[in-house]
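J.: Structure incoming, see below.
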Amino acid sequence: MPVDDDLWSAIGDPTRRRMLDLLLTEGGGTATSLSDHLPVTRQAVAKHLTVLDRVGLVRAETAGRERRFSVDEPQLARAAAQLAAVGSAWDARLRRIKRIAETIERGRTPTPDSGTNPAGPGTSG
Amino acid sequence: MEYGTLERDIHIEASPEVVFDVVSSPEHLREWWPDTLEGTTQVGEGGRFGFGTGEGVKWVRFTVVDAVPPRLFSFRWMHEEGETAQEGNSNLVVFALEPDGTGTRLTVTESGFREQGWAQAQVLATYEDHYSGWGHFLERLQTYAAKVGA
């Protein structure tokens, strides 16, 4: 499914993330019920719902006069997994940075207990 | 979870000065990230990272945005050749360093996925997964050790 960019953009907006949170905790909602909890109009909420619907993050069913939305959890999990992949790449890089920096630190301070110098490393070496 | 901006941190038992050098100097950057690096890490300058080797190498541009030793180092990357790096055409990576006990708390944030679509970042993350396997790492370590010994 070539929707990655749209999916990313859909969940990149803070109001839409808040809406997803609300839909998850409330087990679903309508544009009206969501706008009661948000500092935006019902019309704005409806527009955001259209964006979320288009990328498959929410599903709609008709309930009386209004459409009721709920989160498509597999699609949300997929979006989260994609972000986690980028995150784990950074975790690996940070571990390498740590290993390199600590090796250098051990090499330049053979006696770590022998008095700290608040002015920094000075001009040694 | 904040989508669109990624944040990670780690405690390092080394001074901020040492950590700053490791995250910002081309020599050390090559040890923990790209296979090759062309250019400089002076503010306003940059160059390109190379991932992979030989025919399969993938080049990605970077431009250094800010450097305040030993507290902050930031750069933009993934802008197209010939474009000036700015919001919307590149991702911003910021390293923030704070003294933490006898060491340093290093926090990295990467933002821009939302603006530029994140497919490109995903490609690179996947690429890195392939190339950060043990075989590749050991090979690089040996090359590095040989250079240091020479």
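In the structure tokens, the first chain shown is A, the next is B, and so on; residue numbers restart at 1 for each chain, and ligands run from 1 in the order shown.
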Got a sec to tell me which of segment 23-106 of chain A DSSP assigns to alpha helix (DSSP H), as a count of residues only?
T.: 58
J.: Using only C-alpha atoms, which protein or nucleic acid residues come within 10 Å of Pro16 of chain B? Drop anything in the same chain fewer than 5 positions from it, and give the result as a PyMOL selection string.
T.: (chain A and resi 101+120) or (chain B and resi 21-22+69-72+96-100+102-106)
J.: Pull out every residue of chain A sitting within 7 Å of chain B, counting only C-alpha atoms, and send them as an mmCIF file with C-alpha atoms, in the first residue's frame.
T.:
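Generated output (result21.cif):
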```
data_model
loop_
_atom_site.group_PDB
_atom_site.id
_atom_site.type_symbol
_atom_site.label_atom_id
_atom_site.label_comp_id
_atom_site.auth_asym_id
_atom_site.auth_seq_id
_atom_site.Cartn_x
_atom_site.Cartn_y
_atom_site.Cartn_z
ATOM 1 C CA ASP A 4 3.046 5.903 3.802
ATOM 2 C CA ASP A 5 3.445 9.626 3.242
ATOM 3 C CA TRP A 8 2.587 10.003 8.285
ATOM 4 C CA SER A 9 1.034 13.335 7.479
ATOM 5 C CA ILE A 11 -0.835 11.389 12.329
ATOM 6 C CA GLY A 12 1.608 14.298 12.264
ATOM 7 C CA ALA A 85 11.879 1.307 12.910
ATOM 8 C CA VAL A 86 13.372 4.779 12.567
ATOM 9 C CA GLY A 87 13.642 5.010 16.357
ATOM 10 C CA ALA A 89 18.038 2.963 14.122
ATOM 11 C CA ARG A 93 23.569 4.868 16.682
ATOM 12 C CA LEU A 94 23.438 6.209 20.254
ATOM 13 C CA ARG A 96 27.773 3.259 19.168
ATOM 14 C CA ILE A 97 28.314 6.917 20.198
ATOM 15 C CA LYS A 98 28.332 5.812 23.850
ATOM 16 C CA ALA A 101 32.991 8.269 23.788
ATOM 17 C CA GLU A 102 33.512 6.041 26.828
ATOM 18 C CA GLU A 105 37.210 8.993 28.108
#
```
J.: Using atom CA of Gly50 of chain B and atom CA of Arg30 of chain B as the two end points, give the distance in Å to one decimal.
T.: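 Between atom CA of Gly50 of chain B and atom CA of Arg30 of chain B the gap is 9.4 Å.
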J.: Select from segment 32-83 of chain A everything DSSP, run on the backbone, classes as strand (DSSP E), then give the selection as a list in words.
T.: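 Strand (DSSP E) assignments inside segment 32-83 of chain A correspond to Val58, Arg59, Ala60, Glu61, Thr62, Ala63, Glu66, Arg67, Arg68, Phe69, Ser70 and Val71 of chain A.
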J.: Could you tell me how far atom CA of Leu34 of chain A lies from atom CA of Arg59 of chain A, in Å and to one decimal?
T.: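 Rounded to one decimal, the two atoms are 14.8 Å apart.
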J.: Smallest atom-to-atom distance to Ala46 of chain A: which of A:Ile100, A:Val71, A:Ala60, A:Ala31, using only C-alpha atoms?
T.: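 Checking each of A:Ile100, A:Val71, A:Ala60, A:Ala31 against Ala46 of chain A, counting only C-alpha atoms, the winner is A:Ala31.
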J.: Quick one, how far is atom CA of Thr41 of chain B from atom CA of Val68 of chain B?
T.: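 Straight-line distance from atom CA of Thr41 of chain B to atom CA of Val68 of chain B works out to 12.3 Å.
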J.: Residues near His79 of chain B, anyone? I mean within 10 Å using only C-alpha atoms, not counting same-chain ones fewer than 3 positions away, as a list of chain:residue names.
T.: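 Result of the neighbour search: B:Val60, B:Arg61, B:Phe62, B:Thr63, B:Arg76, B:Gly82, B:Glu83, B:Thr84, B:Ala85, B:Gln86, B:Glu87, B:Gly88, B:Asn89, B:Ser90, B:Asn91, B:Gln116.
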J.: With C-alpha atoms retained, export the selected residues as an mmCIF file, in the first residue's frame.
T.:
```
data_model
loop_
_atom_site.group_PDB
_atom_site.id
_atom_site.type_symbol
_atom_site.label_atom_id
_atom_site.label_comp_id
_atom_site.auth_asym_id
_atom_site.auth_seq_id
_atom_site.Cartn_x
_atom_site.Cartn_y
_atom_site.Cartn_z
ATOM 1 C CA VAL B 60 22.739 11.663 1.167
ATOM 2 C CA ARG B 61 23.475 15.360 1.610
ATOM 3 C CA PHE B 62 23.849 17.077 4.993
ATOM 4 C CA THR B 63 24.274 20.701 6.111
ATOM 5 C CA ARG B 76 19.831 18.922 8.306
ATOM 6 C CA GLY B 82 21.635 21.662 -5.244
ATOM 7 C CA GLU B 83 18.868 22.565 -2.788
ATOM 8 C CA THR B 84 19.458 24.704 0.295
ATOM 9 C CA ALA B 85 18.563 22.730 3.377
ATOM 10 C CA GLN B 86 15.470 24.113 5.067
ATOM 11 C CA GLU B 87 12.254 23.044 6.728
ATOM 12 C CA GLY B 88 10.177 21.021 4.300
ATOM 13 C CA ASN B 89 12.971 19.536 2.186
ATOM 14 C CA SER B 90 15.105 17.874 4.855
ATOM 15 C CA ASN B 91 15.097 16.359 8.322
ATOM 16 C CA GLN B 116 8.622 15.685 3.809
#
```
